[in-house]
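S.K.: Pasting query11.pdb below, which is PDB, C-alpha atoms and all ligand atoms.
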```pdb
MODEL        1
ATOM      1  CA  MET A   1     234.016 350.952 141.412
ATOM      2  CA  SER A   2     237.399 352.590 141.994
ATOM      3  CA  ALA A   3     237.758 356.147 143.295
ATOM      4  CA  ASN A   4     239.008 357.202 139.860
ATOM      5  CA  SER A   5     236.039 355.760 138.112
ATOM      6  CA  ASP A   6     233.682 357.398 140.664
ATOM      7  CA  GLU A   7     235.322 360.736 140.020
ATOM      8  CA  LEU A   8     235.159 360.293 136.256
ATOM      9  CA  LYS A   9     231.487 359.371 136.382
ATOM     10  CA  GLN A  10     230.799 362.460 138.481
ATOM     11  CA  GLN A  11     232.477 364.584 135.798
ATOM     12  CA  VAL A  12     230.397 362.888 133.102
ATOM     13  CA  GLN A  13     227.250 363.565 135.107
ATOM     14  CA  ASP A  14     228.186 367.213 135.721
ATOM     15  CA  TYR A  15     228.897 367.737 132.022
ATOM     16  CA  TRP A  16     225.529 366.393 130.812
ATOM     17  CA  ASN A  17     223.629 368.011 133.674
ATOM     18  CA  LYS A  18     224.795 371.443 132.503
ATOM     19  CA  GLU A  19     223.318 371.020 129.049
ATOM     20  CA  THR A  20     221.311 368.048 127.872
ATOM     21  CA  CYS A  21     222.444 366.504 124.618
ATOM     22  CA  GLY A  22     221.069 368.160 121.472
ATOM     23  CA  THR A  23     219.331 371.044 123.258
ATOM     24  CA  TRP A  24     221.916 373.586 122.059
ATOM     25  CA  VAL A  25     220.241 373.699 118.629
ATOM     26  CA  THR A  26     217.323 375.846 119.808
ATOM     27  CA  ASP A  27     216.866 379.384 121.122
ATOM     28  CA  SER A  28     213.225 378.776 121.997
ATOM     29  CA  THR A  29     212.114 379.028 125.615
ATOM     30  CA  LYS A  30     213.040 375.920 127.542
ATOM     31  CA  PHE A  31     210.381 373.194 127.781
ATOM     32  CA  THR A  32     207.953 374.862 125.368
ATOM     33  CA  LYS A  33     206.510 373.034 122.373
ATOM     34  CA  GLU A  34     208.713 375.114 120.042
ATOM     35  CA  TYR A  35     211.766 374.122 122.075
ATOM     36  CA  PHE A  36     211.085 370.397 121.757
ATOM     37  CA  GLU A  37     210.024 370.668 118.125
ATOM     38  CA  ASP A  38     213.231 372.504 117.178
ATOM     39  CA  ILE A  39     215.253 369.743 118.829
ATOM     40  CA  GLU A  40     213.300 366.971 117.127
ATOM     41  CA  LYS A  41     213.422 368.578 113.669
ATOM     42  CA  ASP A  42     217.150 369.187 113.899
ATOM     43  CA  ARG A  43     217.853 365.653 115.096
ATOM     44  CA  TYR A  44     216.099 363.737 112.346
ATOM     45  CA  GLU A  45     217.118 366.165 109.601
ATOM     46  CA  LYS A  46     220.779 365.757 110.525
ATOM     47  CA  GLN A  47     220.601 362.094 111.504
ATOM     48  CA  PRO A  48     217.857 360.356 109.485
ATOM     49  CA  GLU A  49     219.798 357.113 110.007
ATOM     50  CA  ILE A  50     218.405 357.045 113.559
ATOM     51  CA  LEU A  51     214.938 356.455 112.105
ATOM     52  CA  GLU A  52     216.226 353.602 109.943
ATOM     53  CA  PHE A  53     218.211 352.042 112.771
ATOM     54  CA  ALA A  54     215.694 352.373 115.598
ATOM     55  CA  GLU A  55     212.501 351.383 113.710
ATOM     56  CA  PHE A  56     210.389 353.267 116.235
ATOM     57  CA  ASP A  57     207.039 351.881 115.142
ATOM     58  CA  LYS A  58     208.039 348.223 115.071
ATOM     59  CA  PHE A  59     207.733 347.369 118.751
ATOM     60  CA  ALA A  60     204.173 348.178 119.780
ATOM     61  CA  GLY A  61     203.161 346.382 122.968
ATOM     62  CA  GLN A  62     206.747 345.310 123.714
ATOM     63  CA  LYS A  63     208.604 346.159 126.889
ATOM     64  CA  LEU A  64     211.394 348.511 125.899
ATOM     65  CA  LEU A  65     214.175 350.219 127.860
ATOM     66  CA  GLU A  66     216.033 353.235 126.530
ATOM     67  CA  VAL A  67     219.412 353.679 128.210
ATOM     68  CA  GLY A  68     220.515 357.346 128.274
ATOM     69  CA  VAL A  69     217.419 359.198 127.075
ATOM     70  CA  GLY A  70     219.054 362.657 126.862
ATOM     71  CA  ALA A  71     216.397 365.202 125.853
ATOM     72  CA  GLY A  72     213.934 362.368 125.215
ATOM     73  CA  THR A  73     213.533 362.830 121.461
ATOM     74  CA  ASP A  74     213.885 359.147 120.600
ATOM     75  CA  PHE A  75     212.040 358.112 123.736
ATOM     76  CA  VAL A  76     208.945 360.018 122.616
ATOM     77  CA  GLN A  77     209.040 358.113 119.303
ATOM     78  CA  TRP A  78     208.992 354.791 121.170
ATOM     79  CA  VAL A  79     205.935 355.879 123.124
ATOM     80  CA  ARG A  80     204.217 357.151 119.971
ATOM     81  CA  GLY A  81     205.011 353.804 118.327
ATOM     82  CA  GLY A  82     203.145 351.984 121.098
ATOM     83  CA  ALA A  83     206.071 350.407 122.980
ATOM     84  CA  LYS A  84     205.783 349.965 126.762
ATOM     85  CA  ALA A  85     208.682 352.307 127.276
ATOM     86  CA  TYR A  86     210.994 352.740 130.247
ATOM     87  CA  GLY A  87     213.889 355.192 130.256
ATOM     88  CA  ILE A  88     216.894 356.040 132.358
ATOM     89  CA  ASP A  89     219.626 358.653 132.278
ATOM     90  CA  LEU A  90     222.454 359.576 134.635
ATOM     91  CA  THR A  91     221.256 363.185 134.894
ATOM     92  CA  GLU A  92     218.289 364.900 136.552
ATOM     93  CA  GLU A  93     218.295 367.377 133.702
ATOM     94  CA  ALA A  94     217.601 364.694 131.070
ATOM     95  CA  ILE A  95     214.813 363.174 133.160
ATOM     96  CA  ARG A  96     213.289 366.647 133.651
ATOM     97  CA  HIS A  97     213.302 367.110 129.861
ATOM     98  CA  LEU A  98     211.525 363.808 129.408
ATOM     99  CA  ASP A  99     208.992 364.583 132.113
ATOM    100  CA  TYR A 100     208.054 367.968 130.594
ATOM    101  CA  ARG A 101     208.019 366.544 127.105
ATOM    102  CA  LEU A 102     205.674 363.643 127.828
ATOM    103  CA  GLU A 103     203.357 365.929 129.778
ATOM    104  CA  LEU A 104     203.296 368.515 126.959
ATOM    105  CA  TYR A 105     202.268 365.930 124.374
ATOM    106  CA  GLY A 106     199.957 363.981 126.692
ATOM    107  CA  LEU A 107     202.048 360.824 126.252
ATOM    108  CA  LYS A 108     202.366 358.076 128.816
ATOM    109  CA  ALA A 109     205.511 356.090 129.542
ATOM    110  CA  GLU A 110     205.737 353.058 131.811
ATOM    111  CA  GLY A 111     208.538 354.634 133.845
ATOM    112  CA  PHE A 112     211.602 356.823 133.740
ATOM    113  CA  LYS A 113     214.186 357.827 136.297
ATOM    114  CA  VAL A 114     217.736 358.854 137.039
ATOM    115  CA  ALA A 115     219.912 355.742 137.016
ATOM    116  CA  ASP A 116     223.352 354.525 136.065
ATOM    117  CA  CYS A 117     223.689 352.256 133.033
ATOM    118  CA  GLU A 118     226.429 350.363 134.864
ATOM    119  CA  ASN A 119     223.832 349.334 137.488
ATOM    120  CA  LEU A 120     220.456 349.167 135.800
ATOM    121  CA  PRO A 121     217.666 349.165 138.401
ATOM    122  CA  PHE A 122     215.743 346.304 136.786
ATOM    123  CA  GLU A 123     215.476 342.562 137.330
ATOM    124  CA  ASP A 124     217.217 340.097 135.032
ATOM    125  CA  ASN A 125     215.313 339.126 131.851
ATOM    126  CA  THR A 126     212.880 342.070 131.940
ATOM    127  CA  PHE A 127     212.882 343.685 128.476
ATOM    128  CA  ASP A 128     212.057 342.670 124.921
ATOM    129  CA  ILE A 129     214.124 345.547 123.554
ATOM    130  CA  VAL A 130     216.945 347.690 124.941
ATOM    131  CA  TYR A 131     217.927 350.729 122.903
ATOM    132  CA  SER A 132     220.827 353.087 123.515
ATOM    133  CA  TRP A 133     222.102 355.775 121.139
ATOM    134  CA  GLY A 134     225.430 357.410 121.884
ATOM    135  CA  VAL A 135     225.586 356.675 125.611
ATOM    136  CA  ILE A 136     227.628 353.756 126.903
ATOM    137  CA  HIS A 137     230.961 355.029 125.520
ATOM    138  CA  HIS A 138     230.599 357.942 127.998
ATOM    139  CA  THR A 139     230.410 355.842 131.140
ATOM    140  CA  PRO A 140     233.733 354.756 132.705
ATOM    141  CA  ASN A 141     232.993 351.030 132.443
ATOM    142  CA  THR A 142     231.411 350.596 129.021
ATOM    143  CA  LEU A 143     231.617 346.804 129.101
ATOM    144  CA  LYS A 144     229.800 346.718 132.442
ATOM    145  CA  ALA A 145     227.050 348.805 130.842
ATOM    146  CA  LEU A 146     226.877 346.359 127.939
ATOM    147  CA  ASP A 147     226.688 343.425 130.367
ATOM    148  CA  GLU A 148     223.881 345.192 132.230
ATOM    149  CA  ILE A 149     221.958 345.608 128.981
ATOM    150  CA  ILE A 150     222.363 341.899 128.287
ATOM    151  CA  ARG A 151     221.327 341.032 131.851
ATOM    152  CA  VAL A 152     218.036 342.929 131.712
ATOM    153  CA  LEU A 153     217.127 341.618 128.248
ATOM    154  CA  LYS A 154     214.855 338.588 128.107
ATOM    155  CA  PRO A 155     216.339 335.556 126.343
ATOM    156  CA  GLY A 156     215.494 336.227 122.697
ATOM    157  CA  GLY A 157     215.244 339.951 123.452
ATOM    158  CA  LYS A 158     216.984 342.407 121.173
ATOM    159  CA  ALA A 159     219.484 345.221 121.789
ATOM    160  CA  LYS A 160     220.066 348.183 119.474
ATOM    161  CA  ILE A 161     223.113 350.209 120.416
ATOM    162  CA  MET A 162     225.200 353.013 118.918
ATOM    163  CA  ILE A 163     228.677 353.868 120.123
ATOM    164  CA  TYR A 164     231.390 355.964 118.504
ATOM    165  CA  ASN A 165     233.731 354.520 115.874
ATOM    166  CA  ARG A 166     237.412 355.168 116.487
ATOM    167  CA  LYS A 167     238.310 354.320 112.868
ATOM    168  CA  SER A 168     236.068 356.989 111.431
ATOM    169  CA  VAL A 169     236.366 360.167 109.392
ATOM    170  CA  LEU A 170     235.270 362.324 112.309
ATOM    171  CA  ALA A 171     237.612 360.650 114.810
ATOM    172  CA  TYR A 172     240.624 361.061 112.497
ATOM    173  CA  LEU A 173     239.859 364.689 111.660
ATOM    174  CA  PHE A 174     239.265 365.332 115.347
ATOM    175  CA  TRP A 175     242.746 363.936 116.028
ATOM    176  CA  VAL A 176     244.190 366.250 113.347
ATOM    177  CA  LYS A 177     242.572 369.233 115.090
ATOM    178  CA  HIS A 178     243.403 368.351 118.698
ATOM    179  CA  ALA A 179     246.749 366.546 118.329
ATOM    180  CA  LEU A 180     248.488 366.970 114.973
ATOM    181  CA  LEU A 181     247.850 370.684 114.470
ATOM    182  CA  LYS A 182     248.892 371.328 118.077
ATOM    183  CA  GLY A 183     252.183 369.505 117.628
ATOM    184  CA  LYS A 184     251.124 366.654 119.932
ATOM    185  CA  PHE A 185     252.409 364.029 117.527
ATOM    186  CA  ASN A 186     252.611 361.272 120.131
ATOM    187  CA  LYS A 187     248.947 361.518 121.091
ATOM    188  CA  SER A 188     246.478 358.957 119.764
ATOM    189  CA  VAL A 189     242.970 359.236 118.332
ATOM    190  CA  ALA A 190     241.734 357.636 121.569
ATOM    191  CA  TRP A 191     243.499 360.368 123.567
ATOM    192  CA  ALA A 192     241.893 363.136 121.473
ATOM    193  CA  LEU A 193     238.432 361.653 121.976
ATOM    194  CA  TRP A 194     238.926 360.973 125.689
ATOM    195  CA  ASN A 195     240.017 364.553 126.358
ATOM    196  CA  HIS A 196     238.044 366.614 123.863
ATOM    197  CA  MET A 197     234.912 364.806 122.692
ATOM    198  CA  GLU A 198     231.956 365.892 124.817
ATOM    199  CA  SER A 199     232.298 364.725 128.446
ATOM    200  CA  ILE A 200     235.773 363.726 129.639
ATOM    201  CA  GLY A 201     236.547 360.033 129.232
ATOM    202  CA  THR A 202     234.676 359.427 125.979
ATOM    203  CA  LYS A 203     235.785 356.187 124.349
ATOM    204  CA  ALA A 204     235.389 354.880 120.828
ATOM    205  CA  TYR A 205     235.673 351.388 119.398
ATOM    206  CA  THR A 206     236.348 349.775 116.038
ATOM    207  CA  ILE A 207     234.021 347.445 114.161
ATOM    208  CA  ASP A 208     236.418 344.546 114.828
ATOM    209  CA  GLU A 209     236.560 345.341 118.550
ATOM    210  CA  VAL A 210     232.769 345.340 118.776
ATOM    211  CA  LYS A 211     232.600 341.978 116.999
ATOM    212  CA  GLU A 212     235.213 340.580 119.391
ATOM    213  CA  ILE A 213     233.390 341.963 122.461
ATOM    214  CA  LEU A 214     230.097 340.456 121.297
ATOM    215  CA  SER A 215     231.716 337.097 120.531
ATOM    216  CA  GLN A 216     232.603 336.789 124.244
ATOM    217  CA  ARG A 217     229.026 337.321 125.424
ATOM    218  CA  PRO A 218     225.826 335.254 125.458
ATOM    219  CA  VAL A 219     224.390 336.950 122.401
ATOM    220  CA  LYS A 220     223.752 336.247 118.755
ATOM    221  CA  GLU A 221     225.199 339.102 116.769
ATOM    222  CA  SER A 222     222.923 340.148 113.965
ATOM    223  CA  ASN A 223     224.430 343.312 112.544
ATOM    224  CA  VAL A 224     227.395 345.600 113.167
ATOM    225  CA  LYS A 225     227.217 348.608 110.908
ATOM    226  CA  ALA A 226     228.711 352.093 110.781
ATOM    227  CA  TYR A 227     226.888 355.094 109.376
ATOM    228  CA  ILE A 228     228.628 358.023 107.737
ATOM    229  CA  SER A 229     226.905 360.775 109.689
ATOM    230  CA  TYR A 230     226.285 364.483 109.359
ATOM    231  CA  TYR A 231     229.308 364.881 111.640
ATOM    232  CA  ASP A 232     231.679 362.898 109.374
ATOM    233  CA  LYS A 233     230.607 365.041 106.439
ATOM    234  CA  LEU A 234     231.590 368.237 108.307
ATOM    235  CA  GLU A 235     228.387 369.814 107.051
ATOM    236  CA  ARG A 236     228.765 372.822 109.364
ATOM    237  CA  PHE A 237     232.144 373.632 107.815
ATOM    238  CA  SER A 238     233.438 375.195 104.583
ATOM    239  CA  PRO A 239     233.264 373.419 101.203
ATOM    240  CA  ILE A 240     237.032 372.828 101.401
ATOM    241  CA  MET A 241     236.680 371.032 104.735
ATOM    242  CA  GLN A 242     233.795 369.015 103.317
ATOM    243  CA  PHE A 243     236.011 368.014 100.416
ATOM    244  CA  VAL A 244     238.734 366.929 102.862
ATOM    245  CA  ALA A 245     236.118 364.861 104.701
ATOM    246  CA  LYS A 246     235.015 363.213 101.449
ATOM    247  CA  ILE A 247     238.576 362.262 100.516
ATOM    248  CA  THR A 248     239.212 360.944 104.031
ATOM    249  CA  LYS A 249     236.086 358.802 103.758
ATOM    250  CA  VAL A 250     237.243 357.277 100.456
ATOM    251  CA  LEU A 251     240.744 356.630 101.837
ATOM    252  CA  MET A 252     239.267 354.984 104.925
ATOM    253  CA  GLY A 253     237.088 352.598 102.977
ATOM    254  CA  GLY A 254     233.718 354.357 102.650
ATOM    255  CA  GLU A 255     230.685 353.723 104.820
ATOM    256  CA  LYS A 256     232.537 351.584 107.387
ATOM    257  CA  ALA A 257     234.420 354.770 108.379
ATOM    258  CA  GLY A 258     231.250 356.331 109.775
ATOM    259  CA  TRP A 259     231.263 357.869 113.267
ATOM    260  CA  GLU A 260     228.105 356.108 114.368
ATOM    261  CA  LEU A 261     228.983 352.466 115.022
ATOM    262  CA  THR A 262     225.735 350.587 115.480
ATOM    263  CA  PHE A 263     225.189 347.018 116.532
ATOM    264  CA  GLN A 264     222.209 344.820 117.157
ATOM    265  CA  PHE A 265     222.051 341.452 118.833
ATOM    266  CA  THR A 266     219.662 339.051 120.457
ATOM    267  CA  LYS A 267     220.306 337.490 123.862
ATOM    268  CA  LYS A 268     220.734 333.722 123.818
TER     269      LYS A 268
HETATM  270  C1  LIG B 301     225.542 362.035 123.803
HETATM  271  S1  LIG B 301     224.219 362.024 124.985
HETATM  272  C2  LIG B 301     223.051 360.972 124.151
HETATM  273  C3  LIG B 301     221.647 361.160 124.668
HETATM  274  C4  LIG B 301     220.568 360.582 123.772
HETATM  275  N1  LIG B 301     220.639 359.141 123.688
HETATM  276  C5  LIG B 301     220.697 361.214 122.395
HETATM  277  O1  LIG B 301     221.057 360.508 121.451
HETATM  278  O2  LIG B 301     220.448 362.408 122.282
HETATM  279  C6  LIG B 301     224.881 360.990 126.265
HETATM  280  C7  LIG B 301     223.908 360.706 127.392
HETATM  281  O3  LIG B 301     224.423 359.613 128.157
HETATM  282  C8  LIG B 301     224.084 359.843 129.501
HETATM  283  N2  LIG B 301     224.980 359.011 130.327
HETATM  284  C9  LIG B 301     226.317 359.110 130.453
HETATM  285  N3  LIG B 301     226.770 358.203 131.338
HETATM  286  C10 LIG B 301     225.690 357.513 131.783
HETATM  287  C11 LIG B 301     225.496 356.475 132.728
HETATM  288  N4  LIG B 301     226.509 355.949 133.416
HETATM  289  N5  LIG B 301     224.245 356.010 132.929
HETATM  290  C12 LIG B 301     223.196 356.538 132.265
HETATM  291  N6  LIG B 301     223.310 357.546 131.358
HETATM  292  C13 LIG B 301     224.543 358.024 131.126
HETATM  293  C14 LIG B 301     224.289 361.324 129.664
HETATM  294  O4  LIG B 301     223.662 361.831 130.819
HETATM  295  C15 LIG B 301     223.702 361.848 128.354
HETATM  296  O5  LIG B 301     222.324 362.130 128.498
ENDMDL
END
```
Kindly present the structure from the file in structure tokens form.
Ligand SMILES: C[S@@+](CC[C@H](N)C(=O)[O-])C[C@H]1O[C@@H](n2cnc3c(N)ncnc32)[C@H](O)[C@@H]1O
M.R.:
Amino acid sequence: MSANSDELKQQVQDYWNKETCGTWVTDSTKFTKEYFEDIEKDRYEKQPEILEFAEFDKFAGQKLLEVGVGAGTDFVQWVRGGAKAYGIDLTEEAIRHLDYRLELYGLKAEGFKVADCENLPFEDNTFDIVYSWGVIHHTPNTLKALDEIIRVLKPGGKAKIMIYNRKSVLAYLFWVKHALLKGKFNKSVAWALWNHMESIGTKAYTIDEVKEILSQRPVKESNVKAYISYYDKLERFSPIMQFVAKITKVLMGGEKAGWELTFQFTKK
């Protein structure tokens, strides 16, 4: 890894260590039941598509790895669904959340630890399922992370991954806010996301790019699908902004302009 990439990864780690993803929605005391329940309620109310995409109760008895567990909300659903679940995240803070959460609910995971998705600490051909929601676009070498996921999957094993969609309503409106309205006409959507979306260095891909990336790897692609999310709909904003978002969605071709770009594949 180059010095630049080391430095970038450190910044990504520092960012997510300060505040674990999705925990800003609650004022409840940290690590209490109320705290975790607020986070869980908010997540699946705003993003019910996660339930449809993940299919948490479909993998009982299977060896599953979640890459980038964050506050552990999805991870807990895997354990409840009976999967033999392993989890990793780049930050101590995420792993602490998961530890407290499992303990609080008396749930048992197979293993979880701080680790880097670009160097997964598992043998080749280990998992039946690898799941990752909103993670590998944050790491400097996203394709290395994808190759690691493929490496640790068993032949015939399945990956379920979400990354951000560059040709999406949210990405375009984000560009309007951070580039156009600031007179930075020569800056791209990719620039706006890299510099202003969550941790520094965030990338986003198009549906065609994902298909191309998968076509070069030892996988059978089963489904590449974008979801129009709560974030594309600008639900936290005024009715006028929501109207703008709706028009943008229509102009961009509907559902395929969703922020959440999901893909599933099986390893050959
Ligand atoms: C947007 S959050 C998503 C967390 C969780 N999957 C969710 O949906 O709430 C991004 C997560 O990716 C993790 N992450 C970023 N780079 C990583 C890396 N190289 N290896 C492992 N995890 C990483 C961060 O620590 C953070 O928890």
S.K.: Mind checking which residues fall within 10 Å of range 248-254 of chain A, counting all atoms listed in the file, ignoring those fewer than 2 positions away in the same chain, and posting them as JSON, numbers by chain?
M.R.: {"A": [167, 168, 169, 170, 172, 173, 226, 227, 228, 232, 233, 242, 243, 244, 245, 246, 256, 257, 258]}
S.K.: Given the selection you just returned, output its residues as a file containing C-alpha atoms, formatted as a CSV table (one decimal), keeping the file's coordinate frame.
M.R.:
```csv
chain,number,residue,atom,x,y,z
A,167,LYS,CA,238.3,354.3,112.9
A,168,SER,CA,236.1,357.0,111.4
A,169,VAL,CA,236.4,360.2,109.4
A,170,LEU,CA,235.3,362.3,112.3
A,172,TYR,CA,240.6,361.1,112.5
A,173,LEU,CA,239.9,364.7,111.7
A,226,ALA,CA,228.7,352.1,110.8
A,227,TYR,CA,226.9,355.1,109.4
A,228,ILE,CA,228.6,358.0,107.7
A,232,ASP,CA,231.7,362.9,109.4
A,233,LYS,CA,230.6,365.0,106.4
A,242,GLN,CA,233.8,369.0,103.3
A,243,PHE,CA,236.0,368.0,100.4
A,244,VAL,CA,238.7,366.9,102.9
A,245,ALA,CA,236.1,364.9,104.7
A,246,LYS,CA,235.0,363.2,101.4
A,256,LYS,CA,232.5,351.6,107.4
A,257,ALA,CA,234.4,354.8,108.4
A,258,GLY,CA,231.2,356.3,109.8
```
S.K.: With all atoms listed in the file as the counted atoms, please give the residues lying no more than 10 Å from Leu143 in chain A, apart from itself and same-chain residues fewer than 5 positions off, as a list in words.
M.R.: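 So, after excluding close chain neighbours, the residues are Glu118, Ile136, His137, Glu148, Ile149 and Ile213 of chain A.
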S.K.: Using the chain letters and numbers from the file, give me the residues hit by the PyMOL selection byres (((not hetatm)) within 6 of (chain B and resi 301)), as a PyMOL selection string.
M.R.: chain A and resi 13+16+21-22+68-70+89-91+94+115-118+133-135+138-139
S.K.: Spell out the residues picked by the PyMOL selection byres (((chain A and resi 130) around 6) and not hetatm) here, as number ranges by chain.
M.R.: A: 64-66, 129, 131, 159
S.K.: State, in Å with one decimal place, the distance from CA of Leu214 in chain A to CA of Gln62 in chain A.
M.R.: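 Result for CA of Leu214 in chain A versus CA of Gln62 in chain A: 24.0 Å, one decimal.
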S.K.: I want to know what sits within 10 Å of Thr202 in chain A, based on all atoms listed in the file, with residues of the same chain fewer than 2 positions away left out; could you give that as number ranges by chain?
M.R.: A: 12, 135-140, 142, 164, 190-200, 204
S.K.: Residues of the last selection are to be written out with C-alpha atoms, as a short mmCIF file (atom, residue, chain, number, x, y, z; two decimals), in the coordinates of the input.
M.R.:
```
data_model
loop_
_atom_site.label_atom_id
_atom_site.label_comp_id
_atom_site.auth_asym_id
_atom_site.auth_seq_id
_atom_site.Cartn_x
_atom_site.Cartn_y
_atom_site.Cartn_z
CA VAL A 12 230.40 362.89 133.10
CA VAL A 135 225.59 356.68 125.61
CA ILE A 136 227.63 353.76 126.90
CA HIS A 137 230.96 355.03 125.52
CA HIS A 138 230.60 357.94 128.00
CA THR A 139 230.41 355.84 131.14
CA PRO A 140 233.73 354.76 132.71
CA THR A 142 231.41 350.60 129.02
CA TYR A 164 231.39 355.96 118.50
CA ALA A 190 241.73 357.64 121.57
CA TRP A 191 243.50 360.37 123.57
CA ALA A 192 241.89 363.14 121.47
CA LEU A 193 238.43 361.65 121.98
CA TRP A 194 238.93 360.97 125.69
CA ASN A 195 240.02 364.55 126.36
CA HIS A 196 238.04 366.61 123.86
CA MET A 197 234.91 364.81 122.69
CA GLU A 198 231.96 365.89 124.82
CA SER A 199 232.30 364.72 128.45
CA ILE A 200 235.77 363.73 129.64
CA ALA A 204 235.39 354.88 120.83
#
```
S.K.: Which residues come within 12 Å of Pro218 in chain A, counting all atoms listed in the file, excluding same-chain residues fewer than 3 positions away, as a VMD selection string?
M.R.: chain A and resid 146 to 147 149 to 151 153 to 157 213 to 215 221 265 to 268
S.K.: Between CA of Ile247 in chain A and CA of Asp42 in chain A, measure the distance and give it in Å to one decimal.
M.R.: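 Atom-to-atom, CA of Ile247 in chain A to CA of Asp42 in chain A, that is 26.2 Å.
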S.K.: Please compute the CA of Val114 in chain A-CA of Ala54 in chain A distance, one decimal, in Å.
M.R.: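 So the two atoms, CA of Val114 in chain A and CA of Ala54 in chain A, lie 22.5 Å apart.
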S.K.: Give me, as a list in words, all polymer residues having an atom no more than 7 Å from Tyr205 in chain A, counting only C-alpha atoms and skipping those fewer than 2 positions away in the same chain.
M.R.: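 The residues that qualify are Tyr164, Asn165, Arg166, Lys203, Ile207, Glu209 and Val210 of chain A.
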S.K.: Would you write out, as a list in words, every residue that the PyMOL selection byres (((chain A and resi 101) around 8) and not hetatm) captures in this file?
M.R.: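 After applying the PyMOL selection byres (((chain A and resi 101) around 8) and not hetatm), what remains is Phe31, Phe36, Gly72, Val76, His97, Leu98, Asp99, Tyr100, Leu102, Glu103, Leu104 and Tyr105 of chain A.
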S.K.: Out of A:Phe127, A:Tyr230, A:Tyr35, A:Phe122, which residue has the shortest atom-to-atom distance to Gly61 in chain A when counting only C-alpha atoms?
M.R.: A:Phe127
S.K.: With distances taken over only C-alpha atoms, which residue among A:Val79, A:Ile88, A:Ile161, A:Ala179 lies nearest Glu260 in chain A?
M.R.: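 Selected residue with least distance to Glu260 in chain A: A:Ile161.
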S.K.: Is there a way to get, as an MDAnalysis selection string, all residues within 12 Å of the point (235.2, 355.1, 139.2) in file coordinates, counting only C-alpha atoms?
M.R.: chainID A and resid 1:12 118 139:142 201
